[in-house]
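These notes concern the structure reproduced below.
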Amino acid sequence: MEPLLIYKALSNETRHQILHWLKNPAEHFEVQCHIPEDVDFKIGVCVGDIQAKAGMAQSVISGYLLTMQKAGLLESERVGQWTYYRRNEKTIRQFTEYVQKEL
């Protein structure tokens with residue numbers, strides 16, 4: 001875990017919002033029709049769905065997601081032609097502990 005990368009990733013309002021949306025994806029996104037229903041949000045949320053909710057260009061959202069993944073906040077999984085992102089709860093927990101201890 002690199003705290004400075006996480007701070008940077010969270011310093012953008014949209015990236016912060018994406019992390020919030022992915023905390024409870026069923027509350028913020030429609031059912032994903034291109035994956036089996038029993039899998040649904042367990043593998044994450046499709047980039048296109050995140051892009052549509054954010055209302056920004058897919059290239060911008062892809063860049064944001066990559067920044068968050070490099071910081072360790074997100075994990076990705078590729079299924080066919082789609083890439084799905086989910087929160088990396090282990091890193092988020094470590095960062096929370098770091099902030100409580102260090103600040």
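Please note that chains go A, B, ... in the order of the structure tokens, that every chain numbers its residues from 1, and that ligands are numbered from 1 in the order shown.
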(message) Among chain A, which ones does DSSP assign to strand (DSSP E) (computed from the backbone)? Answer as a list in words.
(response)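 Filtering chain A to strand (DSSP E) leaves Val45, Cys46, Leu74, Glu75, Ser76, Glu77, Arg78, Val79, Trp82, Thr83, Tyr84, Tyr85, Arg86 and Arg87 of chain A.
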(message) Need to verify the contact set: A:Glu30, 10 Å, only C-alpha atoms, exclusion of same-chain residues closer than 4 positions in sequence. Can you return it as a count of residues only?
(response) 4
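Of the listed residues A:Ala57, A:Ile18, A:Ile50, A:Ala71, the one whose atoms come nearest to A:Phe95 is A:Ala71, with distances taken using only C-alpha atoms.
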(request) Assign secondary structure with DSSP using the backbone only, and return the residues of chain A in helix (DSSP H, G or I) as a ChimeraX atom specification. (result) /A:3-10,13-23,25-28,40-42,47-54,58-70,89-102
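Nearest-residue note for A:Ile6: choosing from A:Leu19, A:Val31, A:Ala52, A:Val47, the minimum distance belongs to A:Leu19, counting only C-alpha atoms.
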